[in-house]
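Student: So I've got this file, work12.tsv, and it contains TSV, C-alpha atoms:
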chain	number	residue	atom	x	y	z
A	1	MET	CA	-28.11	19.23	-12.49
A	2	GLY	CA	-26.47	20.37	-15.72
A	3	ASP	CA	-23.45	21.62	-13.79
A	4	TYR	CA	-22.37	18.20	-12.52
A	5	ASN	CA	-18.60	18.23	-13.01
A	6	LYS	CA	-17.35	14.99	-11.49
A	7	PRO	CA	-16.28	11.90	-13.48
A	8	LEU	CA	-19.13	9.69	-14.70
A	9	PRO	CA	-19.27	5.88	-14.74
A	10	ASN	CA	-17.62	4.10	-17.68
A	11	VAL	CA	-20.44	1.70	-18.46
A	12	ASN	CA	-19.43	-1.52	-20.19
A	13	GLY	CA	-21.08	-4.84	-20.99
A	14	ASP	CA	-20.32	-6.19	-17.52
A	15	SER	CA	-21.33	-3.17	-15.45
A	16	LYS	CA	-24.39	-2.10	-17.48
A	17	GLU	CA	-26.89	-4.03	-15.35
A	18	PHE	CA	-25.40	-2.60	-12.15
A	19	TRP	CA	-25.82	1.00	-13.37
A	20	ILE	CA	-29.32	0.36	-14.73
A	21	GLY	CA	-30.18	-0.94	-11.27
A	22	CYS	CA	-28.75	2.17	-9.64
A	23	LYS	CA	-30.95	4.34	-11.84
A	24	ALA	CA	-33.91	2.40	-10.35
A	25	HIS	CA	-32.40	2.79	-6.86
A	26	GLU	CA	-31.66	-0.92	-6.70
A	27	LEU	CA	-28.26	-2.26	-5.72
A	28	ARG	CA	-27.87	-5.24	-8.08
A	29	PHE	CA	-25.08	-7.79	-7.77
A	30	GLN	CA	-24.20	-10.95	-9.64
A	31	LYS	CA	-24.49	-14.19	-7.68
A	32	CYS	CA	-22.62	-17.22	-9.00
A	33	LYS	CA	-25.02	-20.08	-9.69
A	34	ALA	CA	-22.26	-22.62	-9.10
A	35	CYS	CA	-20.77	-21.51	-5.77
A	36	GLY	CA	-23.12	-18.77	-4.54
A	37	HIS	CA	-20.43	-16.09	-4.32
A	38	VAL	CA	-21.91	-12.59	-4.64
A	39	ARG	CA	-19.52	-10.28	-6.45
A	40	TRP	CA	-18.71	-6.67	-7.26
A	41	PRO	CA	-17.69	-5.30	-9.65
A	42	ALA	CA	-19.66	-7.24	-12.25
A	43	SER	CA	-17.61	-9.62	-14.37
A	44	ILE	CA	-18.05	-12.33	-16.98
A	45	PHE	CA	-17.16	-15.18	-14.61
A	46	CYS	CA	-16.88	-15.85	-10.89
A	47	PRO	CA	-13.46	-14.91	-9.46
A	48	LEU	CA	-13.66	-17.80	-6.96
A	49	CYS	CA	-14.80	-20.78	-9.06
A	50	PHE	CA	-14.70	-19.38	-12.63
A	51	GLY	CA	-18.37	-20.32	-13.09
A	52	ARG	CA	-20.08	-18.38	-15.89
A	53	GLU	CA	-23.73	-18.91	-14.87
A	54	THR	CA	-24.98	-16.02	-12.78
A	55	GLU	CA	-28.18	-14.54	-11.47
A	56	TRP	CA	-28.72	-10.93	-10.40
A	57	ILE	CA	-29.80	-10.30	-6.83
A	58	ILE	CA	-30.96	-7.06	-5.22
A	59	SER	CA	-29.09	-6.09	-2.07
A	60	GLU	CA	-30.88	-4.72	0.97
A	61	GLY	CA	-28.25	-1.97	0.90
A	62	LYS	CA	-27.08	-2.49	4.46
A	63	GLY	CA	-23.55	-3.23	5.57
A	64	ARG	CA	-20.49	-2.10	7.50
A	65	VAL	CA	-17.52	0.09	6.73
A	66	TYR	CA	-14.61	-2.26	5.96
A	67	SER	CA	-12.12	0.57	5.57
A	68	PHE	CA	-12.08	4.23	4.64
A	69	ALA	CA	-9.81	7.11	3.68
A	70	VAL	CA	-10.36	10.83	4.16
A	71	TYR	CA	-9.40	13.02	1.21
A	72	HIS	CA	-7.97	16.42	2.14
A	73	ILE	CA	-6.79	17.24	-1.39
A	74	ALA	CA	-8.97	17.27	-4.53
A	75	TYR	CA	-7.26	15.24	-7.27
A	76	HIS	CA	-10.07	16.30	-9.64
A	77	PRO	CA	-11.59	19.80	-9.58
A	78	GLY	CA	-15.08	18.33	-9.26
A	79	PHE	CA	-14.32	17.31	-5.67
A	80	GLU	CA	-12.91	20.61	-4.40
A	81	SER	CA	-16.21	21.64	-2.84
A	82	GLU	CA	-16.54	18.29	-1.04
A	83	LEU	CA	-13.30	18.46	0.96
A	84	PRO	CA	-12.74	16.76	3.28
A	85	TYR	CA	-14.66	13.75	1.99
A	86	VAL	CA	-14.68	10.03	2.77
A	87	VAL	CA	-14.04	7.19	0.33
A	88	ALA	CA	-14.87	3.82	1.83
A	89	ILE	CA	-15.06	0.12	1.13
A	90	VAL	CA	-18.42	-1.08	2.42
A	91	GLU	CA	-18.97	-4.77	3.16
A	92	LEU	CA	-22.60	-5.48	2.36
A	93	GLU	CA	-24.62	-8.04	4.29
A	94	GLU	CA	-24.90	-10.11	1.12
A	95	GLY	CA	-21.12	-10.35	1.01
A	96	PRO	CA	-19.59	-8.10	-1.63
A	97	HIS	CA	-17.29	-5.20	-0.91
A	98	ILE	CA	-18.14	-2.03	-2.83
A	99	LEU	CA	-16.23	1.22	-3.22
A	100	THR	CA	-18.36	4.23	-2.29
A	101	ASN	CA	-18.58	7.43	-0.25
A	102	ILE	CA	-19.80	7.82	3.32
A	103	ILE	CA	-22.02	10.89	3.62
A	104	GLY	CA	-24.42	12.24	6.22
A	105	CYS	CA	-21.80	12.54	8.97
A	106	GLN	CA	-18.48	14.22	9.61
A	107	PRO	CA	-15.35	12.41	8.36
A	108	ASP	CA	-14.04	12.08	11.93
A	109	GLU	CA	-17.21	10.21	12.94
A	110	VAL	CA	-16.53	7.37	10.49
A	111	THR	CA	-15.06	4.16	11.92
A	112	CYS	CA	-14.31	0.71	10.57
A	113	GLU	CA	-17.22	-1.68	11.19
A	114	MET	CA	-19.67	1.24	11.54
A	115	ARG	CA	-23.13	0.21	10.31
A	116	VAL	CA	-24.24	2.00	7.13
A	117	GLU	CA	-27.09	1.95	4.62
A	118	VAL	CA	-27.34	2.99	1.00
A	119	ILE	CA	-28.59	6.45	0.09
A	120	TRP	CA	-29.11	7.34	-3.55
A	121	GLU	CA	-27.66	10.41	-5.17
A	122	ASP	CA	-29.37	11.28	-8.46
A	123	ILE	CA	-26.53	13.10	-10.19
A	124	ILE	CA	-27.78	13.47	-13.77
A	125	GLU	CA	-30.63	12.07	-15.83
A	126	GLU	CA	-28.73	8.87	-16.73
A	127	PHE	CA	-27.06	8.04	-13.43
A	128	SER	CA	-27.70	7.60	-9.73
A	129	LEU	CA	-24.81	6.81	-7.38
A	130	PRO	CA	-25.03	4.46	-4.40
A	131	LYS	CA	-23.54	6.25	-1.41
A	132	PHE	CA	-23.81	5.22	2.23
A	133	ARG	CA	-24.75	6.91	5.50
A	134	PRO	CA	-24.62	5.80	9.13
A	135	CYS	CA	-27.62	3.85	10.40
A	136	GLY	CA	-28.55	2.41	13.80
B	1	MET	CA	-2.00	12.64	-15.43
B	2	ARG	CA	-5.66	13.12	-14.64
B	3	ARG	CA	-6.66	11.16	-17.73
B	4	MET	CA	-4.39	8.31	-16.68
B	5	LEU	CA	-5.94	8.23	-13.21
B	6	LEU	CA	-9.45	8.22	-14.63
B	7	GLU	CA	-8.71	5.42	-17.05
B	8	ARG	CA	-6.73	3.30	-14.66
B	9	ASN	CA	-9.27	3.41	-11.88
B	10	ALA	CA	-12.43	2.99	-13.96
B	11	ASP	CA	-15.43	3.83	-11.80
B	12	ASP	CA	-13.34	4.61	-8.71
B	13	ALA	CA	-13.09	8.18	-9.96
B	14	VAL	CA	-16.88	8.50	-9.82
B	15	PHE	CA	-16.52	8.43	-6.03
B	16	GLY	CA	-13.44	10.65	-6.00
B	17	HIS	CA	-11.02	7.78	-5.44
B	18	PHE	CA	-7.66	8.24	-7.19
B	19	GLY	CA	-4.33	6.54	-7.22
B	20	ALA	CA	-2.00	4.51	-5.05
B	21	VAL	CA	-1.90	6.82	-2.00
B	22	ALA	CA	-5.62	6.25	-1.57
B	23	GLY	CA	-5.37	2.48	-1.97
B	24	TYR	CA	-2.62	2.19	0.62
B	25	ALA	CA	-4.53	4.61	2.89
B	26	LEU	CA	-7.45	2.14	2.83
B	27	ALA	CA	-5.05	-0.68	3.69
B	28	ALA	CA	-3.45	1.31	6.51
B	29	ARG	CA	-6.83	2.29	7.96
B	30	ARG	CA	-7.95	-1.34	8.01
B	31	ALA	CA	-4.71	-2.20	9.81
B	32	MET	CA	-5.41	0.53	12.41
B	33	HIS	CA	-8.69	-1.24	13.09
B	34	THR	CA	-7.16	-4.72	13.16
B	35	PHE	CA	-4.10	-4.18	15.35
B	36	ARG	CA	-2.29	-1.40	17.20
B	37	THR	CA	-0.75	0.84	14.56
B	38	GLY	CA	-1.01	4.32	13.09
B	39	PRO	CA	1.03	7.53	13.01
B	40	GLU	CA	2.59	6.70	16.40
B	41	THR	CA	4.26	3.73	14.71
B	42	TRP	CA	4.84	5.24	11.29
B	43	LYS	CA	6.62	8.35	12.58
B	44	HIS	CA	9.54	6.12	13.62
B	45	ILE	CA	9.82	4.83	10.05
B	46	ALA	CA	9.64	8.26	8.41
B	47	VAL	CA	12.09	9.86	10.84
B	48	GLY	CA	14.39	6.83	11.03
B	49	GLN	CA	14.79	6.64	7.28
B	50	ARG	CA	15.36	10.39	7.08
B	51	LYS	CA	18.39	9.97	9.36
B	52	TRP	CA	19.87	7.59	6.79
B	53	ALA	CA	19.11	10.06	3.98
B	54	ASN	CA	20.96	12.74	5.91
B	55	LEU	CA	24.09	10.57	5.48
B	56	ASN	CA	23.52	10.08	1.74
B	57	PRO	CA	24.59	12.97	-0.53
B	58	THR	CA	22.57	11.58	-3.45
B	59	ALA	CA	19.34	11.51	-1.40
B	60	THR	CA	16.68	14.08	-2.24
B	61	MET	CA	16.29	14.83	1.47
B	62	TYR	CA	20.05	14.79	2.28
B	63	ASP	CA	20.12	18.29	3.75
B	64	ARG	CA	16.66	18.23	5.31
B	65	PRO	CA	16.62	16.75	8.83
B	66	MET	CA	13.22	15.81	10.19
B	67	ASN	CA	11.88	15.19	13.69
B	68	PHE	CA	8.59	13.87	15.06
B	69	GLU	CA	7.15	17.38	15.23
B	70	ASP	CA	7.87	17.90	11.53
B	71	TYR	CA	6.16	14.57	10.81
B	72	TYR	CA	2.98	15.49	12.69
B	73	SER	CA	2.81	19.07	11.45
B	74	ALA	CA	2.93	18.07	7.77
B	75	ARG	CA	-0.36	18.26	5.88
B	76	TRP	CA	-2.67	15.34	5.33
B	77	ILE	CA	-2.38	13.79	1.87
B	78	ILE	CA	-5.09	11.19	2.23
B	79	GLU	CA	-5.82	10.46	5.87
B	80	PRO	CA	-4.43	8.45	7.67
B	81	PHE	CA	-1.34	9.42	5.63
B	82	ARG	CA	0.47	12.70	6.13
B	83	LEU	CA	2.99	14.07	3.65
B	84	PHE	CA	5.99	12.20	5.08
B	85	ASP	CA	4.18	8.85	5.08
B	86	ALA	CA	4.41	8.96	1.29
B	87	CYS	CA	7.35	8.26	-0.99
B	88	LEU	CA	8.99	10.84	-3.21
B	89	MET	CA	8.43	11.29	-6.93
B	90	THR	CA	11.78	11.06	-8.66
B	91	ASP	CA	13.23	11.32	-12.15
B	92	GLY	CA	16.26	9.12	-12.54
B	93	GLY	CA	17.26	5.51	-12.76
B	94	ARG	CA	19.00	2.61	-11.13
B	95	ALA	CA	20.55	-0.48	-12.68
B	96	ILE	CA	21.89	-3.74	-11.38
B	97	ILE	CA	24.06	-6.04	-13.46
B	98	ILE	CA	23.39	-9.73	-12.94
B	99	THR	CA	25.78	-12.36	-14.18
B	100	SER	CA	27.20	-15.69	-13.07
B	101	ALA	CA	29.32	-15.80	-9.93
B	102	GLU	CA	32.19	-17.09	-12.08
B	103	ARG	CA	32.15	-14.14	-14.46
B	104	ALA	CA	31.64	-11.70	-11.60
B	105	ARG	CA	34.85	-12.85	-9.95
B	106	ASP	CA	37.04	-10.80	-12.29
B	107	LEU	CA	35.04	-7.57	-12.11
B	108	ARG	CA	36.32	-4.38	-10.51
B	109	HIS	CA	33.84	-4.43	-7.63
B	110	PRO	CA	33.31	-7.36	-5.28
B	111	PRO	CA	30.13	-9.16	-6.36
B	112	VAL	CA	27.10	-9.77	-4.21
B	113	LEU	CA	25.47	-13.20	-4.28
B	114	ILE	CA	21.77	-14.03	-4.38
B	115	MET	CA	21.03	-16.51	-1.58
B	116	GLY	CA	17.28	-16.84	-1.89
B	117	MET	CA	14.20	-15.47	-3.58
B	118	GLY	CA	10.48	-15.73	-2.99
B	119	GLN	CA	7.32	-14.34	-4.52
B	120	HIS	CA	3.69	-14.33	-3.49
B	121	ASN	CA	0.94	-12.39	-5.21
B	122	PRO	CA	-2.44	-12.13	-3.42
B	123	SER	CA	-3.58	-10.13	-6.50
B	124	GLU	CA	-7.05	-9.03	-5.34
B	125	ASP	CA	-7.87	-5.38	-5.98
B	126	VAL	CA	-8.05	-3.25	-2.87
B	127	GLN	CA	-11.86	-3.07	-3.05
B	128	GLN	CA	-12.19	-6.83	-2.62
B	129	ALA	CA	-9.02	-7.56	-0.68
B	130	THR	CA	-9.11	-9.06	2.79
B	131	HIS	CA	-5.32	-9.13	3.22
B	132	LEU	CA	-4.85	-5.37	3.65
B	133	ALA	CA	-3.89	-5.72	7.32
B	134	GLY	CA	-1.84	-8.88	6.62
B	135	PRO	CA	-0.79	-11.46	6.01
B	136	THR	CA	0.21	-9.84	2.73
B	137	GLY	CA	2.29	-11.56	0.07
B	138	ALA	CA	5.32	-10.79	2.25
B	139	LYS	CA	4.56	-13.73	4.55
B	140	ARG	CA	4.89	-16.54	2.05
B	141	ALA	CA	7.44	-14.74	-0.14
B	142	GLY	CA	9.65	-14.24	2.91
B	143	GLU	CA	9.32	-17.85	4.00
B	144	MET	CA	10.25	-19.03	0.50
B	145	ALA	CA	13.31	-16.78	0.31
B	146	LEU	CA	14.57	-17.79	3.77
B	147	ARG	CA	14.06	-21.47	2.98
B	148	MET	CA	15.98	-21.17	-0.29
B	149	ALA	CA	18.76	-19.28	1.49
B	150	GLY	CA	18.85	-21.86	4.29
B	151	ILE	CA	18.84	-19.18	6.99
B	152	THR	CA	16.47	-17.64	9.57
B	153	LEU	CA	15.58	-14.03	10.35
B	154	ASP	CA	18.28	-14.08	13.04
B	155	ASP	CA	20.89	-14.21	10.26
B	156	ILE	CA	19.67	-10.99	8.61
B	157	ASP	CA	21.92	-8.00	9.30
B	158	ALA	CA	19.86	-5.26	7.61
B	159	CYS	CA	16.74	-4.84	5.47
B	160	GLU	CA	16.02	-2.78	2.39
B	161	ILE	CA	12.23	-2.70	2.26
B	162	TYR	CA	10.03	-1.38	-0.56
B	163	ASP	CA	8.59	1.71	1.10
B	164	CYS	CA	5.98	3.36	-1.08
B	165	PHE	CA	4.42	4.37	2.26
B	166	THR	CA	5.47	4.06	5.89
B	167	TYR	CA	2.77	1.47	6.50
B	168	THR	CA	4.23	-0.73	3.76
B	169	VAL	CA	7.47	-0.99	5.75
B	170	GLU	CA	5.59	-1.94	8.90
B	171	ILE	CA	3.35	-4.59	7.36
B	172	THR	CA	6.24	-6.08	5.35
B	173	LEU	CA	8.53	-6.46	8.38
B	174	GLN	CA	5.57	-7.73	10.44
B	175	ASP	CA	4.66	-10.35	7.83
B	176	TYR	CA	8.30	-11.44	7.55
B	177	GLY	CA	8.08	-12.15	11.28
B	178	PHE	CA	10.35	-9.51	12.83
B	179	PHE	CA	7.51	-8.68	15.25
B	180	GLY	CA	3.92	-9.67	15.88
B	181	PRO	CA	0.82	-7.77	14.78
B	182	GLY	CA	0.63	-4.52	16.72
B	183	GLU	CA	4.14	-4.81	18.16
B	184	GLY	CA	5.61	-2.50	15.52
B	185	GLU	CA	5.64	0.67	17.60
B	186	ASP	CA	7.64	-1.01	20.36
B	187	TRP	CA	9.98	-2.64	17.84
B	188	PHE	CA	10.70	0.60	15.96
B	189	LYS	CA	10.74	3.09	18.81
B	190	ASP	CA	14.28	2.93	20.20
B	191	GLY	CA	16.01	3.72	16.93
B	192	THR	CA	15.97	0.09	15.81
B	193	ILE	CA	16.13	0.92	12.09
B	194	GLU	CA	18.32	4.04	12.34
B	195	PRO	CA	22.08	4.53	12.12
B	196	GLY	CA	23.45	2.70	15.14
B	197	GLY	CA	20.31	0.58	15.43
B	198	LYS	CA	20.12	-3.17	15.81
B	199	MET	CA	18.25	-3.76	12.52
B	200	PRO	CA	19.06	-1.02	10.01
B	201	VAL	CA	16.27	-0.52	7.45
B	202	ASN	CA	16.36	1.48	4.22
B	203	THR	CA	19.89	2.74	4.69
B	204	SER	CA	19.87	5.11	1.71
B	205	GLY	CA	16.82	6.92	3.06
B	206	GLY	CA	14.64	4.68	0.91
B	207	GLN	CA	11.87	5.84	-1.36
B	208	LEU	CA	10.54	8.02	1.46
B	209	SER	CA	13.71	10.14	1.67
B	210	GLU	CA	16.27	9.14	-0.98
B	211	GLY	CA	14.39	8.65	-4.24
B	212	TYR	CA	11.70	6.53	-5.83
B	213	PHE	CA	13.16	3.98	-8.25
B	214	MET	CA	10.53	1.32	-7.62
B	215	GLY	CA	12.03	-1.98	-6.44
B	216	LEU	CA	15.49	-0.87	-7.44
B	217	THR	CA	15.81	1.62	-4.57
B	218	PRO	CA	15.92	-1.18	-1.99
B	219	LEU	CA	17.68	-3.74	-4.19
B	220	SER	CA	20.50	-1.46	-5.36
B	221	GLU	CA	21.09	-0.24	-1.81
B	222	GLY	CA	21.33	-3.82	-0.54
B	223	ALA	CA	23.93	-4.62	-3.18
B	224	MET	CA	25.88	-1.40	-2.62
B	225	GLN	CA	26.01	-1.95	1.15
B	226	LEU	CA	27.35	-5.49	0.75
B	227	MET	CA	29.97	-4.19	-1.73
B	228	GLY	CA	31.02	-1.59	0.83
B	229	ARG	CA	30.36	1.37	-1.49
B	230	CYS	CA	28.11	3.49	0.75
B	231	GLY	CA	30.47	6.12	2.23
B	232	LYS	CA	29.08	7.95	5.26
B	233	ARG	CA	26.06	5.66	5.46
B	234	GLN	CA	28.08	2.44	5.14
B	235	LEU	CA	26.89	-0.25	7.53
B	236	GLY	CA	29.66	-1.27	9.91
B	237	PRO	CA	31.94	0.81	12.15
B	238	VAL	CA	31.16	4.06	10.27
B	239	THR	CA	27.51	3.97	11.37
B	240	HIS	CA	28.00	1.96	14.59
B	241	THR	CA	26.15	-1.04	13.17
B	242	LYS	CA	27.08	-4.62	12.47
B	243	SER	CA	29.16	-5.11	9.32
B	244	PRO	CA	26.64	-6.76	7.01
B	245	GLU	CA	27.01	-10.26	5.65
B	246	ILE	CA	23.38	-10.81	4.68
B	247	ILE	CA	20.76	-8.23	3.65
B	248	LEU	CA	17.08	-8.88	2.92
B	249	CYS	CA	15.38	-6.79	0.21
B	250	SER	CA	11.71	-6.53	-0.72
B	251	ASP	CA	9.53	-5.21	-3.49
B	252	ASN	CA	5.78	-5.06	-3.92
B	253	GLY	CA	3.33	-3.88	-6.50
B	254	GLY	CA	-0.26	-2.83	-6.93
B	255	ILE	CA	-1.95	-2.18	-3.60
B	256	LEU	CA	-0.15	-4.98	-1.71
B	257	GLN	CA	-1.08	-7.28	-4.63
B	258	THR	CA	2.38	-8.61	-5.51
B	259	HIS	CA	5.42	-9.23	-3.34
B	260	SER	CA	9.01	-10.25	-3.94
B	261	CYS	CA	11.69	-11.01	-1.38
B	262	ILE	CA	15.36	-11.42	-2.22
B	263	ILE	CA	18.19	-12.21	0.16
B	264	LEU	CA	21.71	-11.05	-0.72
B	265	ARG	CA	25.06	-12.14	0.70
B	266	ARG	CA	28.50	-10.64	0.63
B	267	SER	CA	30.84	-12.73	-1.55
Let me see the structure of the file written as structure tokens.
Tutor:
Amino acid sequence: MGDYNKPLPNVNGDSKEFWIGCKAHELRFQKCKACGHVRWPASIFCPLCFGRETEWIISEGKGRVYSFAVYHIAYHPGFESELPYVVAIVELEEGPHILTNIIGCQPDEVTCEMRVEVIWEDIIEEFSLPKFRPCG
Amino acid sequence: MRRMLLERNADDAVFGHFGAVAGYALAARRAMHTFRTGPETWKHIAVGQRKWANLNPTATMYDRPMNFEDYYSARWIIEPFRLFDACLMTDGGRAIIITSAERARDLRHPPVLIMGMGQHNPSEDVQQATHLAGPTGAKRAGEMALRMAGITLDDIDACEIYDCFTYTVEITLQDYGFFGPGEGEDWFKDGTIEPGGKMPVNTSGGQLSEGYFMGLTPLSEGAMQLMGRCGKRQLGPVTHTKSPEIILCSDNGGILQTHSCIILRRS
């Protein structure tokens, strides 16, 4: 896929583990050892209790659409061929909200609270993206 | 511009997510799921504000009337927002001079007094936020400002609401308590916010139809109306509305992450 022309993740010290997990088709989130809050995006301390001790958990990759928006204009040329496409916030069963795309259905079939599951898109050698599709 | 969007939004761009329109579109969509709202409500805001702009020679949309058909036939920007749900992009500026009431007494224009102020900043990014369909920061900021002013909503004669998008106007007025969740369409529909309406809103045309000067579009208009400097759009007999004594103004930032409310009074 040498012709991949969309923006790539900006990996940093916080998000590195998340993207390594994606490469292995695992959705990894930090869980606060103090209060149990599961968070995304990855960060150095818990946004709820400021605890710094964390463990990484692997999500089952199932959740619901919290909200979504349908793009009818490409604000980056890499997305022109995708129009119209759906950007969504998915609420995973483990708790965190994650920004993603809903694929595998028409944009007008997407609804809030629709059940979805992760589907991996291997875009280039270094990266796989967690996207979501409707499930029963 | 593209570089700025990529840097500002970090990994959002990986999924084709860019900018403020998209963030507010996510908020508006969540609201459509949570209570009765959508284009049927927002068209009244877009068209109502345009009627004010048509009375304001400095408004970008001064000579461009708009009806509901125009609203619906405009292209999608990011669904559920069509073109006229979004504010303008404007080069220009606005300024307000703030001084003590004593010093203001001798100035050429009648001063406007600040009665109350409130701020509340929910701060969570849109991806994590659970306040997208309200209550936003407007609820507590509004309560604080009213308490400081020692008045209730019944004392407000007009509102100048930060209107980056039509939905922002709805959720702000709803969180201030002008109507309950999902009652917006009924509240807006009979010309409530328009010239001649019982609660004029965004009387310059606002950021949707006059020009985008961030929080200074609503704040400067509130001050100008209370000074009586608004010509054909002046609240009072000229526009068949109540002559204003008290005007409520709002501002918000991020994707509904910060909110300010300020209540102004004629001196």
Student: Which residues, written as an MDAnalysis selection string, have at least one atom at most 10 Å from Met115 (chain B), with only C-alpha atoms counted and residues fewer than 5 positions away on the same chain left out?
Tutor: chainID B and resid 145:151 246:248 262:266
Student: Measuring between only C-alpha atoms, which one of A:Phe18, A:Phe50, A:Phe79, A:Trp56 shows the shortest distance to chain B?
Tutor: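 Comparing A:Phe18, A:Phe50, A:Phe79, A:Trp56 against chain B, the winner is A:Phe79.
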Student: Got a sec to pull out which chain B residues are within 10 Å of chain A, counting all atoms listed in the file, and send them as a PyMOL selection string?
Tutor: chain B and resi 2+5-7+10-19+21-34+75-81+124+126-130+132
Student: With all atoms listed in the file as the counted atoms, please give the residues lying no more than 9 Å from Gly182 (chain B), apart from itself and same-chain residues fewer than 4 positions off, as a PyMOL selection string.
Tutor: chain B and resi 32+34-37+174+186
Student: Point out the residue among B:Leu235, B:Ile171, B:Leu256, B:Ala141 with the least atom-to-atom distance to Gly116 (chain B), counting only C-alpha atoms.
Tutor: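 Of all the options, B:Ala141 lies closest to Gly116 (chain B).
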Student: I want to know what sits within 12 Å of Gly21 (chain A), based on all atoms listed in the file, with residues of the same chain fewer than 6 positions away left out; could you give that as a ChimeraX atom specification?
Tutor: /A:15,27-30,56-59,120,126-130
Student: Just want the 9 Å neighbourhood of Tyr72 (chain B), counted on all atoms listed in the file, with same-chain residues fewer than 2 positions away dropped. Output as a list in words.
Tutor: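 The filter keeps Pro39, Lys43, Asn67, Phe68, Glu69, Asp70, Ala74, Arg75, Arg82 and Phe84 of chain B.
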Student: Hey, can you check how far CA of His44 (chain B) sits from CA of Cys249 (chain B)?
Tutor: 19.5 Å
Student: CA of Ile114 (chain B) and CA of Ile156 (chain B) are how many Å apart?
Tutor: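 CA of Ile114 (chain B) sits 13.5 Å away from CA of Ile156 (chain B).
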Student: For a test of reading the model, state the distance in Å between CA of Gly231 (chain B) and CA of Met89 (chain B), rounded to one decimal.
Tutor: 24.4 Å
